[in-house]
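Worksheet for the structure shown next.
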Amino acid sequence: MSSLVVIGAQWGDEGKGKITDYLAQQAEVVVRYSGGNNAGHTVEVGDKQYKLHLIPSGIINPGKPCIIANGVVIDPKALLDEIEYLQNDGVSVDALKISSRAQVIMPYHKVLDELSEESLGDRKIGTTKKGIGPAYMDKTARTGIRMSELLDEKIFYGKLKIALEEKNKVLELIYNYPKMDFDEIFNSYVEYGKRLKQYVSDTSIDVYNYVKEDKKVLFEGAQGTLLDLDFGTYPYVTSSHPGSGGVCIGTGVGPTAINEVMGVVKAYTTRVGEGPFPTELFDQIGEYIRETGREFGTTTGRARRCGWFDAVILKFAVRINGLTSLAITKLDTLTGIEKLKICTGYRMDGKIIDEFPSSIEELAKCEPIFEELTGWDEDISMCKSFSELPENAKKYIRKMEDTCGVKATIISVGPNRSETMILNRVF
Ligand code: GDP
Ligand code: IMO
Ligand code: MG
């Protein structure tokens, strides 16, 4: 067996898309297992840039089978737009498959996401407003609509009738919002279903067979460890399980199907949305990182909050996901910063802790304990091997590895596929 999970080890946007695209060159299939179009994965190949939200980043490799599995929530209009966007760019999506079990994001999910955020005021989560939370809520309430149901007009009619009746009551009575029109939703969604039908099947069979036949299966994560519904900075999280634990439920294979788990980690930390962030920088260095690293959201365009690398978080990600290797990204962004800081522990209520707290109330009280390292000035974006890196960059990488006990397999020094160093072959 040779399956590999690529997951975000921080708060998302670690560069999973870039790493997945790189590894997809060798993989035989790429499978997305959780989240929805809240994700934004940027891939750069040659002089082309692709922004993907739902379709696995392997799709840029011609003919590569790509699967959107059952753990994903699908906005059919967003998916059709993405298919069209790729086709217009000459990328074939013929090898795309969509799980018949995946849940559908409905227009009322998006409206409820917005209204709920509005009503939370200062306590808002800072969601992407793509309807992710409400769609997963319906899934667990067992009132959601699956792809297979969308494709059957009669079943879809019945399910939408019941769902919309309830949602319209919520919209009207709780939010004083106008009722949504059944016919409008029904007709447009039936149309979307017709256009997506060719891609839909029971993908759990495909994934199982790929694994059984010892094919190189690449599971592409979305979001990140600290956005996990259980282990993230709740309630400032997403509504799915982005970690390696989400792979089995999200695709339909058992845990023995997973061989390796690669954590993608930026050489510093970022987050979008609200919630505590111990190493956040509010000074010129934070601004420098944001500008140099182009830290603006792929999905919402929001400026990402930037801070120093936090080893407490990475250690936590190793523990929660069983990471077996690291892909360290955006090392180039730190070039030119004279003194670099790495957070190795927190001070909370006068005590020193090195385990990530389980509540945001505790996390909000944590003050980072930093170790300082000397930076480098040399342009590293052309480096092709570890030995070519400046000594201080090497020390920085070694320090990242030492703090979490897991070695880097990939070091990324630029957004392009070509700006990637492989320390150890993965597949
Ligand atoms: P994802 O959501 O984890 O796939 O990450 P995003 O694509 O949202 O954000 C990562 C951003 O950093 C994208 O704009 C990438 O093109 C870019 N990127 C990825 N790796 C590197 C790197 O090593 N250096 C630089 N400068 N940019 C990178
Ligand atoms: P990728 O795959 C970064 C964040 C949102 C918000 C919280 C909940 O590109 O790494 P949601 O819309 O999911 O209900 O929002 O989660 N969030 C992300 N942050 N990268 C992502 O995906 C994210 N997906 C959701 O900003 O704080
Ligand atoms: Mg992203």
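Chains: A, B, ... in order of the structure tokens. Residues: from 1 per chain. Ligands: from 1, in order shown.
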Using only C-alpha atoms and all ligand atoms, tabulate the residues of chain A lying at most 9 Å from any atom of ligand 2, each with its closest atom pair and that distance in Å to one decimal, by chain and increasing residue number, as a tab-separated table.
residue	atom	partner	partner_atom_place_in_ligand_line	distance
A:Gly8	CA	ligand 2	10 (O)	6.8
A:Gln10	CA	ligand 2	10 (O)	8.9
A:Trp11	CA	ligand 2	3 (C)	5.8
A:Gly12	CA	ligand 2	10 (O)	3.3
A:Asp13	CA	ligand 2	10 (O)	3.7
A:Glu14	CA	ligand 2	10 (O)	6.4
A:Gly15	CA	ligand 2	10 (O)	7.6
A:Lys16	CA	ligand 2	10 (O)	7.1
A:Gly17	CA	ligand 2	2 (O)	8.0
A:Gly35	CA	ligand 2	13 (O)	7.2
A:Gly36	CA	ligand 2	13 (O)	7.8
A:Asn37	CA	ligand 2	24 (N)	8.0
A:Asn38	CA	ligand 2	24 (N)	4.6
A:Ala39	CA	ligand 2	2 (O)	3.6
A:Gly40	CA	ligand 2	9 (O)	3.8
A:His41	CA	ligand 2	9 (O)	5.3
A:Thr42	CA	ligand 2	9 (O)	8.3
A:Leu52	CA	ligand 2	9 (O)	8.9
A:His53	CA	ligand 2	9 (O)	7.6
A:Asp113	CA	ligand 2	14 (O)	7.8
A:Ile125	CA	ligand 2	27 (O)	5.8
A:Gly126	CA	ligand 2	27 (O)	4.8
A:Thr127	CA	ligand 2	15 (O)	3.3
A:Thr128	CA	ligand 2	12 (O)	3.7
A:Lys129	CA	ligand 2	12 (O)	5.4
A:Lys130	CA	ligand 2	12 (O)	5.8
A:Gly131	CA	ligand 2	12 (O)	6.9
A:Ile132	CA	ligand 2	14 (O)	5.1
A:Gly133	CA	ligand 2	14 (O)	5.0
A:Pro134	CA	ligand 2	14 (O)	8.4
A:Gly221	CA	ligand 2	2 (O)	7.0
A:Ala222	CA	ligand 2	2 (O)	3.6
A:Gln223	CA	ligand 2	10 (O)	3.6
A:Gly224	CA	ligand 2	10 (O)	6.0
A:Leu227	CA	ligand 2	16 (O)	5.9
A:Asp228	CA	ligand 2	16 (O)	8.8
A:Pro235	CA	ligand 2	8 (C)	8.7
A:Tyr236	CA	ligand 2	27 (O)	5.9
A:Val237	CA	ligand 2	7 (C)	4.8
A:Thr238	CA	ligand 2	13 (O)	4.0
A:Ser239	CA	ligand 2	14 (O)	6.1
A:Ser240	CA	ligand 2	13 (O)	8.0
A:Pro242	CA	ligand 2	2 (O)	8.7
A:Thr270	CA	ligand 2	3 (C)	8.5
A:Arg271	CA	ligand 2	3 (C)	6.2
A:Val272	CA	ligand 2	26 (O)	4.5
A:Gly273	CA	ligand 2	27 (O)	3.6
A:Glu274	CA	ligand 2	27 (O)	5.7
A:Gly275	CA	ligand 2	27 (O)	7.8
A:Gly297	CA	ligand 2	3 (C)	7.5
A:Thr298	CA	ligand 2	9 (O)	6.9
A:Thr299	CA	ligand 2	9 (O)	7.2
A:Thr300	CA	ligand 2	26 (O)	8.4
A:Arg302	CA	ligand 2	26 (O)	8.7
A:Arg304	CA	ligand 2	3 (C)	8.6
Using only C-alpha atoms, determine which residues lie at most 12 Å from A:Arg319, disregarding the query and same-chain residues fewer than 4 positions distant; provide the list as a PyMOL selection string. chain A and resi 9+225+231+243-245+261+263+312-315+323-324+355-356+404-406
Include N, CA, C and O atoms and write out the residues we just selected as an mmCIF file, in the first residue's frame.
data_model
loop_
_atom_site.group_PDB
_atom_site.id
_atom_site.type_symbol
_atom_site.label_atom_id
_atom_site.label_comp_id
_atom_site.auth_asym_id
_atom_site.auth_seq_id
_atom_site.Cartn_x
_atom_site.Cartn_y
_atom_site.Cartn_z
ATOM 1 N N ALA A 9 -1.352 21.659 8.943
ATOM 2 C CA ALA A 9 -0.943 21.477 10.337
ATOM 3 C C ALA A 9 -1.234 22.707 11.186
ATOM 4 O O ALA A 9 -0.947 22.713 12.383
ATOM 5 N N THR A 225 -5.565 21.652 10.963
ATOM 6 C CA THR A 225 -5.774 20.993 12.257
ATOM 7 C C THR A 225 -6.521 21.876 13.258
ATOM 8 O O THR A 225 -7.416 21.420 13.951
ATOM 9 N N PHE A 231 -10.914 19.211 17.557
ATOM 10 C CA PHE A 231 -9.597 19.512 18.109
ATOM 11 C C PHE A 231 -9.099 20.921 17.824
ATOM 12 O O PHE A 231 -8.034 21.320 18.290
ATOM 13 N N GLY A 243 -8.433 16.935 9.711
ATOM 14 C CA GLY A 243 -7.247 16.150 10.054
ATOM 15 C C GLY A 243 -7.274 14.763 9.427
ATOM 16 O O GLY A 243 -8.221 14.399 8.712
ATOM 17 N N SER A 244 -6.236 13.986 9.735
ATOM 18 C CA SER A 244 -6.141 12.665 9.098
ATOM 19 C C SER A 244 -7.299 11.767 9.519
ATOM 20 O O SER A 244 -7.697 10.869 8.779
ATOM 21 N N GLY A 245 -7.867 12.014 10.715
ATOM 22 C CA GLY A 245 -9.021 11.241 11.165
ATOM 23 C C GLY A 245 -10.213 11.382 10.244
ATOM 24 O O GLY A 245 -11.075 10.500 10.172
ATOM 25 N N VAL A 261 1.269 10.252 6.693
ATOM 26 C CA VAL A 261 0.509 11.493 6.880
ATOM 27 C C VAL A 261 1.486 12.665 6.865
ATOM 28 O O VAL A 261 2.335 12.792 7.750
ATOM 29 N N GLY A 263 2.205 16.579 7.126
ATOM 30 C CA GLY A 263 1.650 17.844 7.615
ATOM 31 C C GLY A 263 2.269 18.997 6.847
ATOM 32 O O GLY A 263 3.488 19.143 6.808
ATOM 33 N N VAL A 312 4.292 24.813 19.454
ATOM 34 C CA VAL A 312 3.272 24.139 20.281
ATOM 35 C C VAL A 312 2.167 23.624 19.367
ATOM 36 O O VAL A 312 1.677 22.506 19.523
ATOM 37 N N ILE A 313 1.805 24.435 18.388
ATOM 38 C CA ILE A 313 0.763 24.032 17.427
ATOM 39 C C ILE A 313 1.242 22.842 16.598
ATOM 40 O O ILE A 313 0.510 21.860 16.418
ATOM 41 N N LEU A 314 2.477 22.911 16.112
ATOM 42 C CA LEU A 314 2.959 21.822 15.251
ATOM 43 C C LEU A 314 3.044 20.502 16.026
ATOM 44 O O LEU A 314 2.661 19.448 15.518
ATOM 45 N N LYS A 315 3.489 20.595 17.277
ATOM 46 C CA LYS A 315 3.557 19.382 18.122
ATOM 47 C C LYS A 315 2.165 18.778 18.290
ATOM 48 O O LYS A 315 1.977 17.562 18.261
ATOM 49 N N LEU A 323 1.352 12.644 12.284
ATOM 50 C CA LEU A 323 2.196 13.063 11.153
ATOM 51 C C LEU A 323 3.453 12.211 11.064
ATOM 52 O O LEU A 323 4.108 11.936 12.076
ATOM 53 N N THR A 324 3.784 11.816 9.837
ATOM 54 C CA THR A 324 5.011 11.044 9.635
ATOM 55 C C THR A 324 6.066 11.870 8.900
ATOM 56 O O THR A 324 7.229 11.481 8.834
ATOM 57 N N GLU A 355 1.824 21.937 25.852
ATOM 58 C CA GLU A 355 0.730 21.250 25.152
ATOM 59 C C GLU A 355 -0.312 22.290 24.782
ATOM 60 O O GLU A 355 -0.625 23.177 25.590
ATOM 61 N N PHE A 356 -0.871 22.160 23.596
ATOM 62 C CA PHE A 356 -1.864 23.124 23.127
ATOM 63 C C PHE A 356 -3.125 23.015 23.993
ATOM 64 O O PHE A 356 -3.667 21.923 24.155
ATOM 65 N N CYS A 404 9.269 19.314 17.018
ATOM 66 C CA CYS A 404 8.104 18.420 16.915
ATOM 67 C C CYS A 404 8.500 16.967 16.713
ATOM 68 O O CYS A 404 7.650 16.076 16.767
ATOM 69 N N GLY A 405 9.776 16.714 16.475
ATOM 70 C CA GLY A 405 10.249 15.334 16.346
ATOM 71 C C GLY A 405 9.910 14.677 15.015
ATOM 72 O O GLY A 405 9.981 13.466 14.894
ATOM 73 N N VAL A 406 9.526 15.471 14.014
ATOM 74 C CA VAL A 406 9.208 14.910 12.695
ATOM 75 C C VAL A 406 10.051 15.630 11.646
ATOM 76 O O VAL A 406 10.253 16.851 11.720
#
Can you pull out the residues contacting A:Ser412? Cut-off 9 Å, using only C-alpha atoms, and skip same-chain residues under 5 positions away; I want them as a PyMOL selection string. chain A and resi 15+18-19+327-332+381+417+419-422
Looking only at the backbone, which of the residues in stretch 281-339 of chain A does DSSP tag as alpha helix (DSSP H), as a ChimeraX atom specification? /A:284-292,311-321
Residue selection dump (N, CA and C atoms) as a compact mmCIF listing (two decimals), in the first residue's frame:
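The new file part17.txt reads:
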# COMPACT_ATOMS: atom_id res chain seq x y z
N GLN A 284 5.43 45.88 12.27
CA GLN A 284 5.89 45.96 10.88
C GLN A 284 6.34 44.62 10.32
N ILE A 285 6.82 43.75 11.21
CA ILE A 285 7.25 42.42 10.73
C ILE A 285 6.03 41.64 10.25
N GLY A 286 4.94 41.74 11.00
CA GLY A 286 3.70 41.08 10.58
C GLY A 286 3.24 41.60 9.23
N GLU A 287 3.35 42.89 9.07
CA GLU A 287 2.96 43.54 7.81
C GLU A 287 3.88 43.07 6.66
N TYR A 288 5.18 42.97 6.99
CA TYR A 288 6.18 42.53 5.99
C TYR A 288 5.85 41.10 5.52
N ILE A 289 5.54 40.23 6.49
CA ILE A 289 5.21 38.84 6.14
C ILE A 289 3.95 38.81 5.28
N ARG A 290 2.94 39.60 5.65
CA ARG A 290 1.68 39.61 4.89
C ARG A 290 1.92 40.05 3.44
N GLU A 291 2.73 41.09 3.29
CA GLU A 291 2.97 41.61 1.94
C GLU A 291 3.88 40.68 1.14
N THR A 292 5.00 40.26 1.76
CA THR A 292 5.95 39.41 1.05
C THR A 292 5.34 38.05 0.73
N ALA A 311 5.66 26.28 17.59
CA ALA A 311 5.98 24.85 17.69
C ALA A 311 4.98 24.09 18.56
N VAL A 312 4.29 24.81 19.45
CA VAL A 312 3.27 24.14 20.28
C VAL A 312 2.17 23.62 19.37
N ILE A 313 1.80 24.44 18.39
CA ILE A 313 0.76 24.03 17.43
C ILE A 313 1.24 22.84 16.60
N LEU A 314 2.48 22.91 16.11
CA LEU A 314 2.96 21.82 15.25
C LEU A 314 3.04 20.50 16.03
N LYS A 315 3.49 20.59 17.28
CA LYS A 315 3.56 19.38 18.12
C LYS A 315 2.17 18.78 18.29
N PHE A 316 1.20 19.67 18.47
CA PHE A 316 -0.20 19.23 18.61
C PHE A 316 -0.67 18.55 17.32
N ALA A 317 -0.32 19.16 16.19
CA ALA A 317 -0.72 18.58 14.89
C ALA A 317 -0.09 17.21 14.69
N VAL A 318 1.14 17.05 15.16
CA VAL A 318 1.81 15.74 15.05
C VAL A 318 1.02 14.71 15.85
N ARG A 319 0.62 15.11 17.05
CA ARG A 319 -0.09 14.18 17.95
C ARG A 319 -1.47 13.83 17.42
N ILE A 320 -2.22 14.84 16.99
CA ILE A 320 -3.62 14.63 16.58
C ILE A 320 -3.71 13.86 15.26
N ASN A 321 -2.76 14.11 14.37
CA ASN A 321 -2.86 13.53 13.02
C ASN A 321 -1.92 12.36 12.77
Could you check how far atom CA of A:Glu401 sits from atom CA of A:Val29, in Å to one decimal?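 One can read the atom CA of A:Glu401 to atom CA of A:Val29 distance as 29.1 Å.
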Residues within 12 Å of A:Asn259, please, as a list in words. Count only C-alpha atoms; anything in the same chain fewer than 2 positions from it doesn't count. Met1, Ser2, Ser3, Leu4, Val5, Val6, Val211, Asp214, Lys215, Lys216, Val217, Leu218, Phe219, Ser244, Val247, Gly254, Pro255, Thr256, Ala257, Val261, Met262, Gly322, Leu323, Thr324, Ser325, Val426 and Phe427 of chain A
I need the chosen residues saved as a compact mmCIF listing (two decimals), in the first residue's frame, with N, CA, C and O atoms.
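So the final result, stored in result.txt, reads:
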# COMPACT_ATOMS: atom_id res chain seq x y z
N MET A 1 0.84 -1.21 0.00
CA MET A 1 0.00 0.00 0.00
C MET A 1 0.87 1.25 0.00
O MET A 1 1.93 1.25 0.57
N SER A 2 0.38 2.27 -0.64
CA SER A 2 1.19 3.48 -0.69
C SER A 2 0.30 4.71 -0.71
O SER A 2 0.31 5.48 -1.64
N SER A 3 -0.48 4.83 0.36
CA SER A 3 -1.37 5.99 0.40
C SER A 3 -0.81 7.06 1.32
O SER A 3 -0.16 6.77 2.33
N LEU A 4 -1.05 8.28 0.93
CA LEU A 4 -0.50 9.43 1.66
C LEU A 4 -1.58 10.47 1.86
O LEU A 4 -2.32 10.81 0.93
N VAL A 5 -1.65 10.98 3.08
CA VAL A 5 -2.59 12.07 3.39
C VAL A 5 -1.79 13.36 3.49
O VAL A 5 -0.77 13.40 4.17
N VAL A 6 -2.27 14.40 2.83
CA VAL A 6 -1.64 15.72 2.93
C VAL A 6 -2.61 16.63 3.70
O VAL A 6 -3.71 16.87 3.24
N VAL A 211 -6.84 1.51 -3.26
CA VAL A 211 -6.02 1.12 -2.10
C VAL A 211 -5.68 -0.36 -2.18
O VAL A 211 -4.52 -0.76 -1.99
N ASP A 214 -3.00 -1.42 -4.38
CA ASP A 214 -1.71 -0.85 -4.02
C ASP A 214 -1.32 0.35 -4.90
O ASP A 214 -0.14 0.59 -5.17
N LYS A 215 -2.31 1.07 -5.35
CA LYS A 215 -2.05 2.26 -6.17
C LYS A 215 -1.59 3.42 -5.26
O LYS A 215 -1.85 3.41 -4.06
N LYS A 216 -0.96 4.39 -5.87
CA LYS A 216 -0.51 5.55 -5.09
C LYS A 216 -1.69 6.52 -4.91
O LYS A 216 -2.03 7.25 -5.84
N VAL A 217 -2.27 6.47 -3.72
CA VAL A 217 -3.46 7.28 -3.45
C VAL A 217 -3.06 8.50 -2.62
O VAL A 217 -2.43 8.36 -1.57
N LEU A 218 -3.45 9.66 -3.09
CA LEU A 218 -3.13 10.90 -2.38
C LEU A 218 -4.43 11.52 -1.87
O LEU A 218 -5.32 11.84 -2.65
N PHE A 219 -4.55 11.63 -0.55
CA PHE A 219 -5.73 12.25 0.05
C PHE A 219 -5.41 13.71 0.32
O PHE A 219 -4.48 14.01 1.08
N SER A 244 -6.24 13.99 9.73
CA SER A 244 -6.14 12.66 9.10
C SER A 244 -7.30 11.77 9.52
O SER A 244 -7.70 10.87 8.78
N VAL A 247 -10.19 11.34 7.07
CA VAL A 247 -10.01 10.63 5.79
C VAL A 247 -10.91 9.40 5.70
O VAL A 247 -11.57 9.17 4.68
N GLY A 254 -10.95 2.15 5.63
CA GLY A 254 -10.57 1.94 7.02
C GLY A 254 -9.22 2.55 7.32
O GLY A 254 -8.45 2.86 6.40
N PRO A 255 -8.89 2.74 8.62
CA PRO A 255 -7.61 3.38 8.99
C PRO A 255 -6.38 2.64 8.48
O PRO A 255 -5.34 3.25 8.28
N THR A 256 -6.51 1.34 8.25
CA THR A 256 -5.36 0.58 7.76
C THR A 256 -5.02 0.94 6.32
O THR A 256 -3.98 0.53 5.80
N ALA A 257 -5.88 1.72 5.68
CA ALA A 257 -5.62 2.13 4.29
C ALA A 257 -4.63 3.29 4.22
O ALA A 257 -4.17 3.66 3.14
N VAL A 261 1.27 10.25 6.69
CA VAL A 261 0.51 11.49 6.88
C VAL A 261 1.49 12.66 6.87
O VAL A 261 2.33 12.79 7.75
N MET A 262 1.37 13.47 5.85
CA MET A 262 2.28 14.62 5.72
C MET A 262 1.58 15.90 6.19
O MET A 262 0.50 16.23 5.72
N GLY A 322 -1.02 12.11 13.72
CA GLY A 322 -0.03 11.06 13.50
C GLY A 322 0.89 11.40 12.33
O GLY A 322 1.19 10.55 11.49
N LEU A 323 1.35 12.64 12.28
CA LEU A 323 2.20 13.06 11.15
C LEU A 323 3.45 12.21 11.06
O LEU A 323 4.11 11.94 12.08
N THR A 324 3.78 11.82 9.84
CA THR A 324 5.01 11.04 9.64
C THR A 324 6.07 11.87 8.90
O THR A 324 7.23 11.48 8.83
N SER A 325 5.65 12.98 8.31
CA SER A 325 6.62 13.87 7.66
C SER A 325 6.04 15.27 7.57
O SER A 325 4.84 15.48 7.79
N VAL A 426 8.67 10.59 -1.58
CA VAL A 426 7.50 10.22 -0.80
C VAL A 426 6.83 8.97 -1.36
O VAL A 426 6.66 7.97 -0.67
N PHE A 427 6.48 9.00 -2.62
CA PHE A 427 5.81 7.84 -3.23
C PHE A 427 6.85 6.91 -3.84
O PHE A 427 7.83 7.37 -4.40
Residues near A:Ile249, anyone? I mean within 9 Å using only C-alpha atoms, not counting same-chain ones fewer than 3 positions away, as a PyMOL selection string. chain A and resi 33+70-71+245-246+252-254
One decimal, Å: what's the distance from atom 4 (O, counted along the ligand's line) of ligand 1 over to atom CA of A:Ile411, could you say? 14.9 Å
May I have the residues within 12 Å of A:Leu334 as a ChimeraX atom specification, using only C-alpha atoms and disregarding those fewer than 3 positions away in the same chain? /A:266-269,285-286,288-293,306-309,329-331,337-341,373-381,392-393,396-397,413-414
Tell me which protein, DNA and RNA residues are within 6 Å of stretch 148-151 of chain A, counting only C-alpha atoms, leaving out same-chain ones fewer than 4 positions away, and put them as a ChimeraX atom specification. /A:100,155-156,193
Generate the output file for the selected residues, N, CA, C and O atoms, as a PDB file, in the first residue's frame.
ATOM      1  N   SER A 100     -21.766  10.072  -4.675  1.00  0.00           N
ATOM      2  CA  SER A 100     -23.226  10.173  -4.609  1.00  0.00           C
ATOM      3  C   SER A 100     -23.684  10.438  -3.172  1.00  0.00           C
ATOM      4  O   SER A 100     -24.809  10.843  -2.931  1.00  0.00           O
ATOM      5  N   ILE A 155     -37.407  12.480  -5.752  1.00  0.00           N
ATOM      6  CA  ILE A 155     -36.885  12.473  -4.379  1.00  0.00           C
ATOM      7  C   ILE A 155     -36.474  13.885  -3.970  1.00  0.00           C
ATOM      8  O   ILE A 155     -36.769  14.355  -2.871  1.00  0.00           O
ATOM      9  N   PHE A 156     -35.803  14.566  -4.896  1.00  0.00           N
ATOM     10  CA  PHE A 156     -35.338  15.924  -4.593  1.00  0.00           C
ATOM     11  C   PHE A 156     -36.527  16.844  -4.279  1.00  0.00           C
ATOM     12  O   PHE A 156     -36.476  17.618  -3.319  1.00  0.00           O
ATOM     13  N   GLY A 193     -28.046  19.541 -11.233  1.00  0.00           N
ATOM     14  CA  GLY A 193     -27.945  18.084 -11.090  1.00  0.00           C
ATOM     15  C   GLY A 193     -27.736  17.415 -12.439  1.00  0.00           C
ATOM     16  O   GLY A 193     -26.892  16.523 -12.574  1.00  0.00           O
TER      17      GLY A 193
END
Any idea what the distance is between atom CA of A:Val45 and atom CA of A:Asn416?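 Separation between atom CA of A:Val45 and atom CA of A:Asn416: 5.7 Å.
Considering the residues A:Ile353, A:Tyr177, A:Gly301, A:Ile74 and counting only C-alpha atoms, A:Gly144 has its shortest atom-to-atom contact with A:Ile74.
With distances taken over only C-alpha atoms, A:Ile55 is the one residue among A:Val190, A:Ile7, A:Cys66, A:Ile55 lying closest to A:Glu82.
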Determine the nearest neighbour of A:Ile67 from the options A:Leu112, A:Ile258, A:Val200, A:Leu120, counting only C-alpha atoms.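 Nearest to A:Ile67: A:Val200.
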